[in-house]
Amino acid sequence: MDMVERYLEAVAAQLSVEERDDIVAELRDLILSRVEAKEETLGRPLNDGEREAILKEIGHPLVVAARYRKGPDSLIGPELFPYWLYGMKAGLLILLVISGIGLFIRLISGTADAGQDIAQAFHGFFGSGLTLIGALTLAGAIMEHYAIRPKWLTDWRVKDLGAFGLSDPAWWGASVKSAGDRMSAADGLGRRPMWRARAIRGRRDFAAEAAFSLLAVGLFVLWWVGLVHFPGLSVMRIDGDLVSVSPAPIWATLFAPVLLYALGQMGVDLFTLIQPQAARMRAVLAILVAAAGLWLTWNIFEAGHWFTLSVGAEQARIAGDRVLLDFDRLRTLGEGERDLVGVASTLSLIFTWGLAISGVSLVFKIAANAWRAVRPDVASSAG
């Protein structure tokens, strides 16, 4: 096969079927005209080395085909790259915090092999981080290819820029420090009307909270569908024995509702970032999602059985009911035995109270957003 034809076939393979014939014909004319001009200058036919030199001057087939290809010439262009970089940095920091908390819990629980737990935490963070970067890159590539430009890329406000501190490690340290400062300043806020104090905090924090929630819930969704794995959630150690943690049937039953609830929360967070001024609509959407969360919490609580701890043939359930919602039982938290049954009982009490507190917080969230929806002054202050 002639060298020029081999080159043209390599270019054509990178082009769409509809346009390759015209482009190849145009490129063939360009190459042959350069060959003829060179032969006329030298007064003789070109050898293979000279022909190849001309093809190299024109460019590699992949590069030449890219010049003719329609659409973006990069996976993520310069306009979207800063947003991709922010999402990657913020997401990795959140993953690092989650992995650190999990490792801390395992280390203080009396692990038999701290080195192995540290290695598992690093492996989990590394794998989850790669998955996160891949998901962000895929989303950015789709937006670049189809020229999708959400409103928040151009219609932004200075007062909403606090969310971008999530990608700064120093911001996380300052946030932990400022938590104590806010507690000490609670009296000053308390002198104002309660709704006014919350409105002041809302103007400052709602965008940052929405961005954090979007990233955190997004990581949960990736974990829920099995794309991200956190080591240590399915096993634990009790008195040196490796205990497996198996989910109860209720989680399989509610798999789709939990996924839809999480996606709904991400939708509310995204709407908050895109339309920060639409406080009423944001409140209505938050009410709907919180109501769905309340329904899920009730069904999980009513299931009564949530996990099973197993060591060989011995098993113990993490389960509960209304009987455990007793302050006297709560005062005995941590006083149980450290065997399989004792740990299961302690976790049952914690999980029961956690569901109860979650339900109450969701009720308050519904009430607070209902108040924002009907009070134009509070709604505008919060947005």
# chains A, B, ... in the order shown; residues from 1 in each chain; ligands from 1
$ select_by_dssp --residues "segment 16-131 of chain A" --states "helix (DSSP H, G or I)" --output "count of residues only"
91
$ select_by_dssp --residues "segment 216-308 of chain A" --states "strand (DSSP E)" --output "MDAnalysis selection string"
chainID A and resid 235:238 241:247 305:308
$ write_last_selection --atoms "N, CA, C and O atoms" --output "mmCIF file, in the first residue's frame"
data_model
loop_
_atom_site.group_PDB
_atom_site.id
_atom_site.type_symbol
_atom_site.label_atom_id
_atom_site.label_comp_id
_atom_site.auth_asym_id
_atom_site.auth_seq_id
_atom_site.Cartn_x
_atom_site.Cartn_y
_atom_site.Cartn_z
ATOM 1 N N VAL A 235 -17.103 -5.213 58.658
ATOM 2 C CA VAL A 235 -16.458 -6.045 59.675
ATOM 3 C C VAL A 235 -16.067 -5.164 60.862
ATOM 4 O O VAL A 235 -15.883 -3.962 60.725
ATOM 5 N N MET A 236 -15.961 -5.756 62.016
ATOM 6 C CA MET A 236 -15.488 -5.072 63.211
ATOM 7 C C MET A 236 -14.844 -6.099 64.126
ATOM 8 O O MET A 236 -14.984 -7.312 63.902
ATOM 9 N N ARG A 237 -14.123 -5.644 65.124
ATOM 10 C CA ARG A 237 -13.468 -6.550 66.061
ATOM 11 C C ARG A 237 -14.069 -6.388 67.447
ATOM 12 O O ARG A 237 -14.254 -5.272 67.926
ATOM 13 N N ILE A 238 -14.377 -7.524 68.058
ATOM 14 C CA ILE A 238 -14.899 -7.550 69.420
ATOM 15 C C ILE A 238 -14.067 -8.546 70.205
ATOM 16 O O ILE A 238 -14.056 -9.744 69.893
ATOM 17 N N ASP A 241 -11.909 -10.845 68.212
ATOM 18 C CA ASP A 241 -12.559 -11.674 67.194
ATOM 19 C C ASP A 241 -13.054 -10.807 66.043
ATOM 20 O O ASP A 241 -13.602 -9.716 66.262
ATOM 21 N N LEU A 242 -12.880 -11.304 64.832
ATOM 22 C CA LEU A 242 -13.362 -10.598 63.650
ATOM 23 C C LEU A 242 -14.849 -10.873 63.483
ATOM 24 O O LEU A 242 -15.263 -12.027 63.317
ATOM 25 N N VAL A 243 -15.651 -9.818 63.543
ATOM 26 C CA VAL A 243 -17.107 -9.948 63.497
ATOM 27 C C VAL A 243 -17.610 -9.373 62.176
ATOM 28 O O VAL A 243 -17.249 -8.256 61.794
ATOM 29 N N SER A 244 -18.417 -10.120 61.466
ATOM 30 C CA SER A 244 -19.010 -9.636 60.219
ATOM 31 C C SER A 244 -20.333 -8.936 60.516
ATOM 32 O O SER A 244 -21.087 -9.333 61.404
ATOM 33 N N VAL A 245 -20.587 -7.871 59.779
ATOM 34 C CA VAL A 245 -21.809 -7.080 59.945
ATOM 35 C C VAL A 245 -22.646 -7.253 58.688
ATOM 36 O O VAL A 245 -22.233 -6.840 57.599
ATOM 37 N N SER A 246 -23.820 -7.878 58.837
ATOM 38 C CA SER A 246 -24.696 -8.143 57.696
ATOM 39 C C SER A 246 -25.932 -7.260 57.769
ATOM 40 O O SER A 246 -26.542 -7.135 58.843
ATOM 41 N N PRO A 247 -26.327 -6.639 56.666
ATOM 42 C CA PRO A 247 -27.524 -5.800 56.686
ATOM 43 C C PRO A 247 -28.788 -6.647 56.770
ATOM 44 O O PRO A 247 -28.854 -7.761 56.242
ATOM 45 N N HIS A 305 -35.367 -4.622 62.926
ATOM 46 C CA HIS A 305 -34.106 -5.374 62.760
ATOM 47 C C HIS A 305 -33.301 -4.680 61.675
ATOM 48 O O HIS A 305 -33.777 -4.517 60.549
ATOM 49 N N TRP A 306 -32.060 -4.290 62.019
ATOM 50 C CA TRP A 306 -31.282 -3.473 61.088
ATOM 51 C C TRP A 306 -29.994 -4.151 60.644
ATOM 52 O O TRP A 306 -29.627 -4.059 59.486
ATOM 53 N N PHE A 307 -29.301 -4.816 61.547
ATOM 54 C CA PHE A 307 -28.063 -5.500 61.182
ATOM 55 C C PHE A 307 -27.931 -6.766 62.023
ATOM 56 O O PHE A 307 -28.594 -6.905 63.064
ATOM 57 N N THR A 308 -27.040 -7.655 61.568
ATOM 58 C CA THR A 308 -26.739 -8.875 62.303
ATOM 59 C C THR A 308 -25.231 -9.006 62.449
ATOM 60 O O THR A 308 -24.495 -8.920 61.459
#
$ closest_residue --among "A:Leu227, A:Ile94, A:Leu138, A:Ala211" --to "Thr272 of chain A" --atoms "only C-alpha atoms"
A:Ala211
$ closest_atom_pairs --of "segment 74-101 of chain A" --to "segment 113-128 of chain A" --cutoff "12 Å" --atoms "only C-alpha atoms" --output "CSV"
residue,atom,partner,partner_atom,distance
A:Met88,CA,A:Ser128,CA,11.7
A:Gly91,CA,A:Ser128,CA,10.0
A:Leu92,CA,A:Phe125,CA,8.4
A:Leu93,CA,A:Phe125,CA,10.1
A:Ile94,CA,A:Phe125,CA,10.2
A:Leu95,CA,A:Phe125,CA,6.6
A:Leu96,CA,A:Phe125,CA,6.7
A:Val97,CA,A:Phe125,CA,9.8
A:Ile98,CA,A:Phe125,CA,8.8
A:Ser99,CA,A:Ala121,CA,6.1
A:Gly100,CA,A:Ala121,CA,7.7
A:Ile101,CA,A:Ala121,CA,9.9
$ write_last_selection --atoms "C-alpha atoms" --output "short mmCIF file (atom, residue, chain, number, x, y, z; two decimals), in the first residue's frame"
data_model
loop_
_atom_site.label_atom_id
_atom_site.label_comp_id
_atom_site.auth_asym_id
_atom_site.auth_seq_id
_atom_site.Cartn_x
_atom_site.Cartn_y
_atom_site.Cartn_z
CA MET A 88 -12.05 17.18 43.10
CA GLY A 91 -14.53 15.82 47.44
CA LEU A 92 -11.13 14.39 48.34
CA LEU A 93 -11.07 16.41 51.55
CA ILE A 94 -14.52 15.11 52.51
CA LEU A 95 -13.37 11.57 51.73
CA LEU A 96 -10.29 12.14 53.85
CA VAL A 97 -12.44 13.29 56.79
CA ILE A 98 -14.76 10.26 56.44
CA SER A 99 -11.82 7.86 56.22
CA GLY A 100 -10.14 9.53 59.19
CA ILE A 101 -13.27 9.23 61.34
#
$ closest_residue --among "A:Thr253, A:Ser234, A:Ser310, A:Ser213" --to "Gly267 of chain A" --atoms "only C-alpha atoms"
A:Ser213
$ residues_around --residues "Leu259 of chain A" --least-positions-apart "2" --cutoff "10 Å" --atoms "only C-alpha atoms" --output "VMD selection string"
chain A and resid 220 to 222 224 to 225 254 to 257 261 to 265
